[in-house]
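File shown: start09.cif. Contents: mmCIF, C-alpha atoms.
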data_protein
#
loop_
_atom_site.label_atom_id
_atom_site.label_comp_id
_atom_site.auth_asym_id
_atom_site.auth_seq_id
_atom_site.Cartn_x
_atom_site.Cartn_y
_atom_site.Cartn_z
CA MET A 1 88.10 87.74 68.96
CA THR A 2 87.98 91.50 69.55
CA THR A 3 84.56 93.04 68.99
CA LEU A 4 84.00 96.56 67.70
CA PRO A 5 82.69 97.96 71.04
CA SER A 6 85.64 96.53 72.95
CA GLY A 7 88.02 98.03 70.39
CA PHE A 8 86.42 101.46 70.80
CA ALA A 9 86.61 101.12 74.58
CA ARG A 10 90.29 100.19 74.41
CA ALA A 11 91.04 103.13 72.13
CA ARG A 12 89.11 105.47 74.41
CA ARG A 13 91.07 104.34 77.46
CA TRP A 14 94.33 104.78 75.59
CA LEU A 15 93.44 108.29 74.47
CA ARG A 16 92.33 109.18 78.01
CA ASP A 17 95.67 108.00 79.37
CA HIS A 18 97.54 109.98 76.68
CA PRO A 19 95.90 113.44 76.55
CA LEU A 20 98.53 114.97 74.26
CA ALA A 21 97.87 112.31 71.63
CA PHE A 22 94.14 112.92 71.98
CA ASP A 23 94.60 116.67 71.48
CA ALA A 24 96.80 116.09 68.44
CA THR A 25 94.16 113.81 66.93
CA LEU A 26 91.45 116.39 67.67
CA ALA A 27 93.53 119.17 66.08
CA PHE A 28 94.02 117.08 62.95
CA CYS A 29 90.27 116.38 62.70
CA VAL A 30 89.49 120.09 63.16
CA LEU A 31 92.01 120.97 60.42
CA ILE A 32 90.36 118.51 58.01
CA ALA A 33 86.92 119.97 58.84
CA MET A 34 88.15 123.55 58.29
CA ILE A 35 89.77 122.69 54.97
CA CYS A 36 86.65 120.88 53.78
CA GLY A 37 84.50 123.82 54.85
CA SER A 38 86.74 126.27 53.02
CA PHE A 39 85.68 124.71 49.68
CA ALA A 40 82.03 125.64 50.36
CA ASP A 41 80.60 128.84 48.91
CA PRO A 42 77.85 130.33 51.11
CA GLY A 43 75.84 131.18 48.01
CA LYS A 44 72.86 133.48 47.83
CA GLY A 45 69.35 132.26 48.34
CA HIS A 46 69.90 128.59 47.61
CA GLY A 47 72.30 127.61 50.43
CA PRO A 48 75.99 126.78 50.22
CA THR A 49 77.55 124.98 47.27
CA PHE A 50 80.70 122.84 47.38
CA GLY A 51 83.55 122.88 44.88
CA THR A 52 82.79 126.30 43.49
CA ARG A 53 85.73 127.99 45.26
CA THR A 54 89.23 127.17 46.43
CA PRO A 55 90.74 128.49 49.69
CA GLU A 56 93.56 131.00 49.46
CA VAL A 57 97.07 130.09 50.61
CA PHE A 58 96.81 132.68 53.39
CA SER A 59 93.61 131.03 54.66
CA VAL A 60 95.23 127.59 54.60
CA LEU A 61 98.16 128.95 56.60
CA LEU A 62 95.81 130.45 59.19
CA MET A 63 93.90 127.16 59.44
CA VAL A 64 97.10 125.16 59.95
CA LEU A 65 98.33 127.58 62.64
CA ALA A 66 94.97 127.55 64.45
CA ALA A 67 94.78 123.74 64.36
CA SER A 68 98.38 123.43 65.58
CA ALA A 69 97.59 125.67 68.56
CA LEU A 70 94.86 123.25 69.66
CA VAL A 71 97.51 120.65 70.52
CA LEU A 72 98.37 122.75 73.60
CA ARG A 73 94.78 123.56 74.60
CA ARG A 74 95.00 121.65 77.95
CA ARG A 75 98.30 123.14 79.04
CA HIS A 76 97.63 126.76 78.03
CA PRO A 77 93.88 127.15 77.43
CA MET A 78 93.74 130.96 77.63
CA ALA A 79 96.76 131.42 75.34
CA VAL A 80 95.34 128.98 72.80
CA LEU A 81 92.01 130.82 72.85
CA ALA A 82 93.78 134.14 72.29
CA VAL A 83 95.80 132.71 69.36
CA THR A 84 92.83 131.03 67.65
CA GLY A 85 90.60 134.05 68.25
CA GLY A 86 93.20 136.37 66.73
CA LEU A 87 93.67 134.11 63.71
CA THR A 88 89.90 133.94 63.23
CA ALA A 89 89.55 137.73 63.43
CA THR A 90 92.40 138.10 60.93
CA GLU A 91 90.59 135.76 58.55
CA TYR A 92 87.39 137.81 58.81
CA ILE A 93 89.25 141.09 58.23
CA PHE A 94 91.39 140.14 55.23
CA MET A 95 89.54 137.32 53.46
CA ASP A 96 86.13 137.35 51.77
CA PRO A 97 84.45 134.92 51.95
CA PRO A 98 86.35 133.80 55.03
CA ALA A 99 87.48 130.24 55.67
CA PRO A 100 85.94 128.55 58.74
CA VAL A 101 88.94 129.22 61.05
CA VAL A 102 86.33 129.95 63.74
CA MET A 103 86.02 126.17 64.29
CA SER A 104 89.33 126.22 66.17
CA THR A 105 88.13 129.11 68.31
CA VAL A 106 84.98 127.20 69.23
CA ILE A 107 87.10 124.25 70.47
CA ALA A 108 89.45 126.57 72.39
CA LEU A 109 86.54 128.44 74.01
CA TYR A 110 84.96 125.14 75.08
CA THR A 111 88.27 124.13 76.69
CA VAL A 112 88.53 127.38 78.64
CA ALA A 113 84.93 127.10 79.85
CA SER A 114 85.40 123.50 80.97
CA ARG A 115 88.56 124.27 82.96
CA THR A 116 87.84 127.60 84.65
CA ASP A 117 85.14 129.01 86.89
CA ARG A 118 81.80 130.37 85.76
CA PRO A 119 82.62 134.12 86.06
CA THR A 120 85.71 133.65 83.90
CA THR A 121 83.65 131.72 81.37
CA TRP A 122 81.11 134.54 81.19
CA ARG A 123 83.74 137.25 80.72
CA VAL A 124 85.88 135.38 78.20
CA GLY A 125 82.89 133.94 76.34
CA LEU A 126 81.14 137.29 75.91
CA LEU A 127 84.37 138.96 74.82
CA THR A 128 85.08 136.26 72.22
CA MET A 129 81.52 136.21 70.95
CA GLY A 130 81.43 140.00 70.64
CA VAL A 131 84.79 140.41 68.90
CA LEU A 132 84.28 137.66 66.33
CA THR A 133 80.65 138.52 65.62
CA VAL A 134 81.46 142.21 65.11
CA ALA A 135 84.43 141.33 62.88
CA ALA A 136 82.23 139.05 60.76
CA MET A 137 79.46 141.66 60.46
CA VAL A 138 81.69 144.68 59.79
CA PHE A 139 84.33 143.27 57.44
CA GLY A 140 82.28 140.68 55.53
CA SER A 141 80.55 141.35 52.26
CA THR A 142 77.33 139.66 53.38
CA PRO A 143 74.61 141.59 55.27
CA TRP A 144 75.18 141.86 58.99
CA TYR A 145 72.09 139.77 59.65
CA SER A 146 73.17 136.88 57.44
CA GLN A 147 73.08 133.38 58.85
CA GLU A 148 76.86 133.06 58.62
CA ASN A 149 77.34 136.02 60.98
CA LEU A 150 74.64 134.88 63.34
CA GLY A 151 76.16 131.39 63.24
CA VAL A 152 79.43 132.77 64.65
CA PHE A 153 77.50 134.19 67.61
CA ALA A 154 75.55 130.97 68.12
CA TRP A 155 78.50 128.57 67.89
CA THR A 156 80.72 130.54 70.27
CA GLY A 157 77.84 130.88 72.72
CA MET A 158 77.10 127.15 72.61
CA ALA A 159 80.79 126.37 73.15
CA SER A 160 80.80 128.48 76.33
CA ALA A 161 77.59 126.89 77.61
CA ALA A 162 78.74 123.34 76.81
CA GLY A 163 82.11 123.85 78.51
CA ASP A 164 80.47 125.31 81.62
CA ALA A 165 78.02 122.38 81.78
CA VAL A 166 80.86 119.84 81.52
CA ARG A 167 82.81 121.64 84.23
CA SER A 168 79.77 121.66 86.53
CA ARG A 169 79.17 117.96 85.95
CA ARG A 170 82.80 117.11 86.67
CA ALA A 171 82.67 119.13 89.89
CA PHE A 172 79.44 117.41 90.89
CA VAL A 173 80.86 113.93 90.20
CA ASP A 174 84.08 114.77 92.06
CA ALA A 175 82.09 116.04 95.04
CA ILE A 176 80.00 112.86 95.12
CA ARG A 177 83.11 110.72 94.86
CA GLU A 178 84.83 112.70 97.63
CA ARG A 179 81.80 112.39 99.90
CA ALA A 180 81.60 108.66 99.22
CA GLU A 181 85.30 108.21 100.00
CA ARG A 182 84.99 110.35 103.13
CA ALA A 183 81.94 108.39 104.24
CA GLU A 184 83.79 105.13 103.64
CA ARG A 185 86.75 106.33 105.67
CA THR A 186 84.41 107.52 108.41
CA ARG A 187 82.63 104.15 108.49
CA GLU A 188 85.94 102.31 108.71
CA GLU A 189 87.19 104.59 111.49
CA GLU A 190 83.90 104.25 113.36
CA ALA A 191 84.03 100.46 112.98
CA ARG A 192 87.61 100.36 114.28
CA ARG A 193 86.67 102.63 117.20
CA ARG A 194 83.69 100.48 118.13
CA VAL A 195 85.81 97.32 117.92
CA ALA A 196 88.45 98.91 120.16
CA GLU A 197 85.82 100.01 122.68
CA GLU A 198 84.22 96.56 122.71
CA ARG A 199 87.57 94.86 123.19
CA LEU A 200 88.40 97.23 126.03
CA ARG A 201 85.03 96.60 127.70
CA ILE A 202 85.38 92.83 127.42
CA ALA A 203 88.94 93.06 128.74
CA ARG A 204 87.68 94.99 131.78
CA ASP A 205 84.98 92.40 132.43
CA LEU A 206 87.42 89.51 132.13
CA HIS A 207 89.87 91.25 134.43
CA ASP A 208 87.21 91.92 137.06
CA VAL A 209 85.92 88.35 136.98
CA VAL A 210 89.32 86.66 136.97
CA ALA A 211 90.99 88.98 139.49
CA HIS A 212 88.15 88.65 141.99
CA HIS A 213 87.40 84.94 141.87
CA ILE A 214 90.95 83.70 141.35
CA ALA A 215 92.09 85.79 144.32
CA LEU A 216 89.41 84.15 146.49
CA VAL A 217 90.32 80.69 145.19
CA ASN A 218 93.96 81.39 145.94
CA VAL A 219 93.22 82.46 149.50
CA GLN A 220 90.90 79.54 150.30
CA ALA A 221 93.27 77.04 148.72
CA GLY A 222 96.08 78.38 150.91
CA VAL A 223 93.89 78.08 154.01
CA ALA A 224 92.93 74.50 153.10
CA ALA A 225 96.55 73.52 152.59
CA HIS A 226 97.51 75.09 155.91
CA VAL A 227 94.88 73.37 158.06
CA MET A 228 94.49 70.12 156.12
CA ASP A 229 96.32 67.96 158.67
CA LYS A 230 95.21 69.59 161.92
CA ARG A 231 91.64 70.75 161.15
CA PRO A 232 90.18 68.75 158.26
CA ASP A 233 86.68 70.17 158.83
CA GLN A 234 87.91 73.70 158.29
CA ALA A 235 89.88 72.54 155.27
CA LYS A 236 86.73 70.96 153.86
CA GLU A 237 84.85 74.22 154.35
CA ALA A 238 87.63 76.16 152.61
CA LEU A 239 87.51 73.75 149.65
CA ALA A 240 83.75 74.25 149.46
CA HIS A 241 84.35 77.99 149.16
CA VAL A 242 86.90 77.26 146.44
CA ARG A 243 84.28 75.25 144.57
CA ASP A 244 81.69 78.03 144.89
CA ALA A 245 84.13 80.74 143.79
CA SER A 246 85.30 78.72 140.79
CA ARG A 247 81.69 78.00 139.80
CA SER A 248 80.86 81.71 139.99
CA ALA A 249 83.96 82.52 137.94
CA LEU A 250 82.95 80.04 135.26
CA ASN A 251 79.40 81.41 135.11
CA GLU A 252 80.57 85.02 134.78
CA LEU A 253 83.19 84.06 132.21
CA ARG A 254 80.49 82.27 130.22
CA VAL A 255 78.36 85.42 130.27
CA THR A 256 81.29 87.62 129.23
CA VAL A 257 82.54 85.32 126.50
CA GLY A 258 78.96 85.06 125.26
CA LEU A 259 79.28 88.67 124.10
CA LEU A 260 81.64 87.44 121.41
CA ARG A 261 79.06 85.10 119.93
CA GLN A 262 77.22 86.06 116.79
CA SER A 263 73.82 87.64 117.19
CA GLY A 264 71.00 85.14 117.08
CA ASP A 265 73.15 82.30 118.41
CA PRO A 266 70.76 80.16 120.52
CA GLU A 267 73.65 79.20 122.80
CA ALA A 268 74.41 82.78 123.74
CA PRO A 269 73.86 83.33 127.47
CA THR A 270 70.91 85.43 128.53
CA GLU A 271 71.62 85.84 132.26
CA PRO A 272 71.51 89.46 133.47
CA ALA A 273 74.77 91.19 134.30
CA PRO A 274 75.66 91.43 137.99
CA GLY A 275 74.65 94.55 139.85
CA LEU A 276 74.03 96.00 143.30
CA ALA A 277 71.10 93.61 143.75
CA VAL A 278 73.65 90.86 144.48
CA LEU A 279 75.92 93.07 146.58
CA ASP A 280 75.24 90.95 149.66
CA GLU A 281 76.38 87.80 147.83
CA LEU A 282 79.56 89.57 146.75
CA VAL A 283 80.30 90.71 150.30
CA THR A 284 79.64 87.19 151.59
CA THR A 285 82.31 85.73 149.30
CA PHE A 286 84.89 88.09 150.78
CA ARG A 287 83.78 87.33 154.31
CA ASN A 288 84.19 83.62 153.58
CA ALA A 289 87.70 84.40 152.35
CA GLY A 290 88.57 85.95 155.71
CA LEU A 291 88.05 89.64 154.95
CA PRO A 292 85.61 91.34 157.36
CA VAL A 293 83.41 93.62 155.24
CA GLU A 294 80.80 95.97 156.62
CA VAL A 295 78.11 97.48 154.40
CA ALA A 296 77.69 100.90 156.01
CA GLY A 297 75.12 102.11 153.51
CA ALA A 298 73.35 100.39 150.63
CA ASP A 299 71.12 102.21 148.19
CA ARG A 300 67.50 101.03 148.48
CA GLY A 301 65.97 103.42 145.98
CA PRO A 302 64.81 102.63 142.47
CA LYS A 303 67.08 100.40 140.46
CA LEU A 304 69.97 102.21 138.83
CA PRO A 305 70.37 102.17 135.05
CA ALA A 306 71.96 98.93 133.87
CA ALA A 307 75.29 100.49 132.88
CA VAL A 308 75.59 102.43 136.15
CA ASP A 309 74.51 99.40 138.19
CA LEU A 310 77.14 97.19 136.58
CA ALA A 311 79.87 99.84 136.94
CA ALA A 312 79.09 100.28 140.65
CA TYR A 313 79.21 96.51 141.20
CA ARG A 314 82.53 96.17 139.39
CA VAL A 315 84.09 99.08 141.30
CA ILE A 316 83.16 97.49 144.63
CA GLN A 317 84.31 94.06 143.48
CA GLU A 318 87.71 95.31 142.29
CA ALA A 319 88.24 97.52 145.34
CA LEU A 320 87.50 94.67 147.76
CA THR A 321 89.74 92.35 145.73
CA ASN A 322 92.57 94.85 146.09
CA VAL A 323 91.93 95.05 149.83
CA ARG A 324 92.12 91.29 150.15
CA LYS A 325 95.30 91.08 148.12
CA HIS A 326 97.25 94.08 149.35
CA ALA A 327 95.93 95.38 152.68
CA GLY A 328 97.68 92.75 154.76
CA ALA A 329 96.57 90.64 157.67
CA GLY A 330 93.86 91.95 159.98
CA ALA A 331 92.47 94.40 157.46
CA ARG A 332 88.80 95.33 157.50
CA ALA A 333 86.75 96.99 154.75
CA GLU A 334 83.68 99.17 154.64
CA VAL A 335 81.37 99.66 151.65
CA SER A 336 78.77 102.37 151.15
CA VAL A 337 76.46 103.17 148.23
CA VAL A 338 74.40 106.34 148.54
CA ARG A 339 72.49 108.59 146.17
CA VAL A 340 73.29 112.29 146.24
CA GLY A 341 70.98 114.20 143.95
CA VAL A 342 71.37 112.81 140.43
CA THR A 343 74.52 110.86 141.25
CA ALA A 344 75.39 107.63 143.03
CA GLU A 345 78.48 107.65 145.21
CA ILE A 346 80.35 104.42 145.92
CA THR A 347 82.97 104.38 148.65
CA VAL A 348 85.21 101.50 149.72
CA LEU A 349 87.45 102.06 152.75
CA ASP A 350 89.91 99.80 154.51
CA ASN A 351 92.29 100.07 157.42
CA GLY A 352 94.96 97.83 155.93
CA ARG A 353 98.60 98.44 156.58
CA GLY A 354 100.24 96.76 153.60
CA SER A 355 103.76 97.81 152.72
CA ALA A 356 104.18 101.27 151.26
CA ALA A 357 105.78 99.83 148.15
CA ARG A 358 102.80 97.52 147.55
CA ARG A 359 100.26 100.26 148.16
CA ALA A 360 102.05 102.64 145.80
CA GLY A 361 102.61 99.95 143.19
CA THR A 362 100.35 98.18 140.73
CA GLU A 363 98.48 94.94 140.89
CA SER A 364 100.54 91.77 141.13
CA GLY A 365 99.79 88.17 140.89
CA GLY A 366 100.75 86.92 144.32
CA ASP A 367 102.41 83.79 145.42
CA PRO A 368 100.03 80.83 145.67
CA ALA A 369 102.45 79.00 147.87
CA ASP A 370 101.86 81.20 150.88
CA GLY A 371 98.15 81.69 150.23
CA SER A 372 98.40 85.40 150.75
CA GLY A 373 97.75 86.40 147.22
CA THR A 374 100.32 89.17 147.50
CA GLY A 375 103.49 89.04 145.54
CA ALA A 376 105.96 91.65 144.51
CA PRO A 377 104.55 94.43 142.46
CA ASP A 378 105.24 93.91 138.82
CA GLY A 379 103.46 96.84 137.25
CA GLY A 380 101.28 94.64 135.09
CA GLY A 381 97.86 95.17 136.69
CA HIS A 382 94.84 96.93 135.26
CA GLY A 383 92.47 97.09 138.25
CA LEU A 384 92.41 100.81 139.01
CA LEU A 385 92.78 101.62 135.34
CA GLY A 386 89.75 99.48 134.53
CA MET A 387 87.70 101.07 137.33
CA ARG A 388 88.58 104.54 136.16
CA GLU A 389 87.71 103.71 132.54
CA ARG A 390 84.34 102.33 133.58
CA VAL A 391 83.49 105.41 135.60
CA THR A 392 84.72 108.02 133.11
CA ALA A 393 82.94 106.23 130.25
CA LEU A 394 79.67 106.99 132.07
CA GLY A 395 80.61 110.61 132.73
CA GLY A 396 81.62 110.08 136.37
CA ALA A 397 84.81 110.51 138.39
CA LEU A 398 86.94 108.18 140.47
CA THR A 399 89.62 108.93 143.06
CA ALA A 400 91.77 106.41 144.88
CA GLY A 401 94.56 106.89 147.40
CA PRO A 402 95.82 106.25 150.92
CA ARG A 403 93.81 107.49 153.88
CA TYR A 404 95.18 109.70 156.59
CA GLY A 405 96.23 107.46 159.46
CA GLY A 406 96.50 104.33 157.32
CA GLY A 407 94.38 102.37 154.94
CA PHE A 408 93.10 103.04 151.47
CA ARG A 409 90.06 104.76 149.99
CA VAL A 410 88.29 104.30 146.64
CA HIS A 411 85.56 106.82 145.85
CA ALA A 412 83.49 106.82 142.65
CA ILE A 413 80.78 109.26 141.59
CA LEU A 414 78.44 107.94 138.92
CA PRO A 415 75.66 109.95 137.24
CA ILE A 416 72.26 108.30 137.48
CA GLU A 417 71.62 109.12 133.83
CA ALA A 418 74.54 107.35 132.22
CA ARG A 419 76.09 108.93 129.17
CA THR A 420 78.50 106.91 127.12
CA GLY A 421 81.62 108.35 125.61
CA GLU A 422 85.22 107.64 124.96
CA PRO A 423 86.99 106.95 128.24
CA GLU A 424 89.79 109.31 129.12
CA PRO A 425 93.10 107.66 129.86
CA PRO A 426 94.02 108.27 133.48
CA GLY A 427 96.90 110.62 133.94
CA PRO A 428 99.64 110.07 136.50
CA ALA A 429 98.21 112.77 138.76
CA ALA A 430 94.65 111.47 138.65
CA VAL A 431 95.23 108.58 141.03
CA THR A 432 97.65 109.00 143.90
CA GLY A 433 99.16 106.22 145.87
CA GLU A 434 97.70 103.58 143.51
CA ARG A 435 97.17 100.17 144.92
CA ARG A 436 96.12 97.63 142.33
#
File written out as structure tokens:
Amino acid sequence: MTTLPSGFARARRWLRDHPLAFDATLAFCVLIAMICGSFADPGKGHGPTFGTRTPEVFSVLLMVLAASALVLRRRHPMAVLAVTGGLTATEYIFMDPPAPVVMSTVIALYTVASRTDRPTTWRVGLLTMGVLTVAAMVFGSTPWYSQENLGVFAWTGMASAAGDAVRSRRAFVDAIRERAERAERTREEEARRRVAEERLRIARDLHDVVAHHIALVNVQAGVAAHVMDKRPDQAKEALAHVRDASRSALNELRVTVGLLRQSGDPEAPTEPAPGLAVLDELVTTFRNAGLPVEVAGADRGPKLPAAVDLAAYRVIQEALTNVRKHAGAGARAEVSVVRVGVTAEITVLDNGRGSAARRAGTESGGDPADGSGTGAPDGGGHGLLGMRERVTALGGALTAGPRYGGGFRVHAILPIEARTGEPEPPGPAAVTGERR
């Protein structure tokens, strides 16, 4: 069963969706009010009396024309105001006592004030108020100070003020709505950006962990398979290295995947991220895999900030992994970490003589059958790209390329005071002779 409030709400929505019908209804109501008011005689001393006079045909015609003009008040507000104002002035000049045609002018003036700016409202409102008030005072038979004449001034002034107030409120509401929508869009964009950055960071961590440890497992497994029959002791030692590398990979993967857990999860890992404090352990794993690594310089100063410490560790890990996979047999590597002013410089050199195609190509998976961990380049690696993203995200710089006389060089400069930002995608000229 439809209640009265719901019926009014439905009618209001319908009229709001059909503005022309609303204006026609308003014009009809204004016409009825003007006709009813035209039967009232202002009287003298005792207030107005109804039914003592009848409006003239000319006044009825002016009222009908003025009310009809209000149907177009939204489409042509200034023209409607001019028409209704002229009809009202005509009524004041030729009819005495005048019919209340001014009602239509009040509605038209309100419409203009609610749909234009404040300066226009002031100019048009004062002009309308002045013209109609002067016409009523000069051409009417009542004294100039009568309440009817002052009422013309008051009603036109209130129409201007009411229209300006409605326009200001609409502008205020629209501004609030726009700011809310803009803030919502900004929050959504910020959330998407943070999700993308987090996914990229986790992808870099997973790549570093998997590429490093799986490469070592691949090498040691190949060694074990090669010497299994002739030197079982050496094969047993290689399998022990495989076990240690796989255990380390699982531990680091558990830490990385733990970032995806919900906050407050009691099962989330709490182990600290790797850093330069375990650089010796990292170098030992490569030495066990058959890659001679010399630490030419290791920073012994105060501990680096966590983000810088992790980035330095990952750069060294990825660079040594690339050496082991692509530098070829007999390669040696050298690692140095030094502080220069407010920056930390990480350098990884090798004297490898891998094929030019492999050194200029990108990271590849390798063939586990030969235990070399070097397959044909397939362009699908992300090692150098991940290193560069880590470094640039902290405000540093990374260069990588072949050395004069053979070998490869990776050099990263990291600011001690890390500053986060959006990583810049590496351009084709930023890294020369990429070896992934």
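As for atom CA of A:Gly297 and atom CA of A:Arg314, they are spaced 17.0 Å apart.
Straight-line separation from atom CA of A:Ala289 to atom CA of A:Gly383: 19.6 Å.
Minimum atom-to-atom distances from A:Arg118, A:Arg179, A:Arg10, A:His207 to A:Val166 were compared using all atoms listed in the file, and the lowest value belongs to A:Arg118.
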Report task. Please write as a list in words the full residue list that the PyMOL selection byres ((chain A and resi 343) around 10) yields on this file. Result -> Val308, Val338, Arg339, Val340, Gly341, Val342, Ala344, Glu345, Ile346, Gly396, Ala412, Ile413, Leu414, Pro415, Ile416, Glu417 and Ala418 of chain A
Query - Atom pair atom CA of A:Leu65 / atom CA of A:Arg12: separation (Å) - result: 26.7 Å
Report summary line: With distances taken over all atoms listed in the file, the candidate from A:Val217, A:Arg388, A:Ala113, A:Thr88 nearest A:Thr285 is A:Val217
Written as a PDB file with C-alpha atoms, in the coordinates of the input, which residues does the PyMOL selection byres ((chain A and resi 99) around 9) give for the file shown?
ATOM      1  CA  MET A  34      88.150 123.550  58.290  1.00  0.00           C
ATOM      2  CA  ILE A  35      89.770 122.690  54.970  1.00  0.00           C
ATOM      3  CA  GLY A  37      84.500 123.820  54.850  1.00  0.00           C
ATOM      4  CA  SER A  38      86.740 126.270  53.020  1.00  0.00           C
ATOM      5  CA  PHE A  39      85.680 124.710  49.680  1.00  0.00           C
ATOM      6  CA  ALA A  40      82.030 125.640  50.360  1.00  0.00           C
ATOM      7  CA  PRO A  55      90.740 128.490  49.690  1.00  0.00           C
ATOM      8  CA  GLU A  56      93.560 131.000  49.460  1.00  0.00           C
ATOM      9  CA  SER A  59      93.610 131.030  54.660  1.00  0.00           C
ATOM     10  CA  VAL A  60      95.230 127.590  54.600  1.00  0.00           C
ATOM     11  CA  MET A  63      93.900 127.160  59.440  1.00  0.00           C
ATOM     12  CA  THR A  88      89.900 133.940  63.230  1.00  0.00           C
ATOM     13  CA  GLU A  91      90.590 135.760  58.550  1.00  0.00           C
ATOM     14  CA  TYR A  92      87.390 137.810  58.810  1.00  0.00           C
ATOM     15  CA  MET A  95      89.540 137.320  53.460  1.00  0.00           C
ATOM     16  CA  ASP A  96      86.130 137.350  51.770  1.00  0.00           C
ATOM     17  CA  PRO A  97      84.450 134.920  51.950  1.00  0.00           C
ATOM     18  CA  PRO A  98      86.350 133.800  55.030  1.00  0.00           C
ATOM     19  CA  PRO A 100      85.940 128.550  58.740  1.00  0.00           C
ATOM     20  CA  VAL A 101      88.940 129.220  61.050  1.00  0.00           C
ATOM     21  CA  VAL A 102      86.330 129.950  63.740  1.00  0.00           C
TER      22      VAL A 102
END
Requested in this report: List the residues selected by the PyMOL selection byres ((chain A and resi 132) around 10) in the file shown, writing them as a ChimeraX atom specification.
Outcome: /A:85-86,88-90,92,102,105,127-131,133-138,149,152-153,156
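By only C-alpha atoms, and with residues fewer than 6 positions from A:Tyr404 along its chain excluded, the set lying at most 12 Å from it is Leu349, Asp350, Asn351, Gly352, Arg353 and Gly433 of chain A.
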Report summary line: In terms of only C-alpha atoms, the residue from A:Thr116, A:Arg199, A:Gly401, A:Met78 at minimal distance from A:Arg170 is A:Thr116
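In this comparison, which uses all atoms listed in the file, the residue of A:Leu304, A:Leu62, A:Leu81, A:Val410 approaching A:Ala333 most closely is A:Val410.
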Atoms added to stretch 62-76 of chain A (N, CA and C atoms), reported as a compact mmCIF listing (two decimals), in the frame of the given file:
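Here's the written file part-v5.txt:
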# COMPACT_ATOMS: atom_id res chain seq x y z
N LEU A 62 96.48 130.12 57.94
CA LEU A 62 95.81 130.45 59.19
C LEU A 62 95.14 129.21 59.78
N MET A 63 94.55 128.38 58.94
CA MET A 63 93.90 127.16 59.44
C MET A 63 94.93 126.19 60.05
N VAL A 64 96.07 126.05 59.42
CA VAL A 64 97.10 125.16 59.95
C VAL A 64 97.61 125.69 61.29
N LEU A 65 97.86 127.01 61.38
CA LEU A 65 98.33 127.58 62.64
C LEU A 65 97.28 127.42 63.75
N ALA A 66 96.03 127.67 63.43
CA ALA A 66 94.97 127.55 64.45
C ALA A 66 94.84 126.11 64.92
N ALA A 67 94.89 125.14 63.98
CA ALA A 67 94.78 123.74 64.36
C ALA A 67 95.99 123.30 65.17
N SER A 68 97.17 123.80 64.83
CA SER A 68 98.38 123.43 65.58
C SER A 68 98.30 123.95 67.02
N ALA A 69 97.70 125.12 67.19
CA ALA A 69 97.59 125.67 68.56
C ALA A 69 96.71 124.81 69.45
N LEU A 70 95.76 124.08 68.86
CA LEU A 70 94.86 123.25 69.66
C LEU A 70 95.58 122.09 70.35
N VAL A 71 96.78 121.74 69.88
CA VAL A 71 97.51 120.65 70.52
C VAL A 71 97.85 121.01 71.96
N LEU A 72 97.99 122.30 72.25
CA LEU A 72 98.37 122.75 73.60
C LEU A 72 97.18 123.30 74.37
N ARG A 73 95.97 122.95 73.98
CA ARG A 73 94.78 123.56 74.60
C ARG A 73 94.64 123.20 76.07
N ARG A 74 95.11 122.02 76.53
CA ARG A 74 95.00 121.65 77.95
C ARG A 74 96.03 122.36 78.80
N ARG A 75 97.22 122.53 78.26
CA ARG A 75 98.30 123.14 79.04
C ARG A 75 98.15 124.66 79.13
N HIS A 76 97.75 125.30 78.05
CA HIS A 76 97.63 126.76 78.03
C HIS A 76 96.30 127.14 77.39
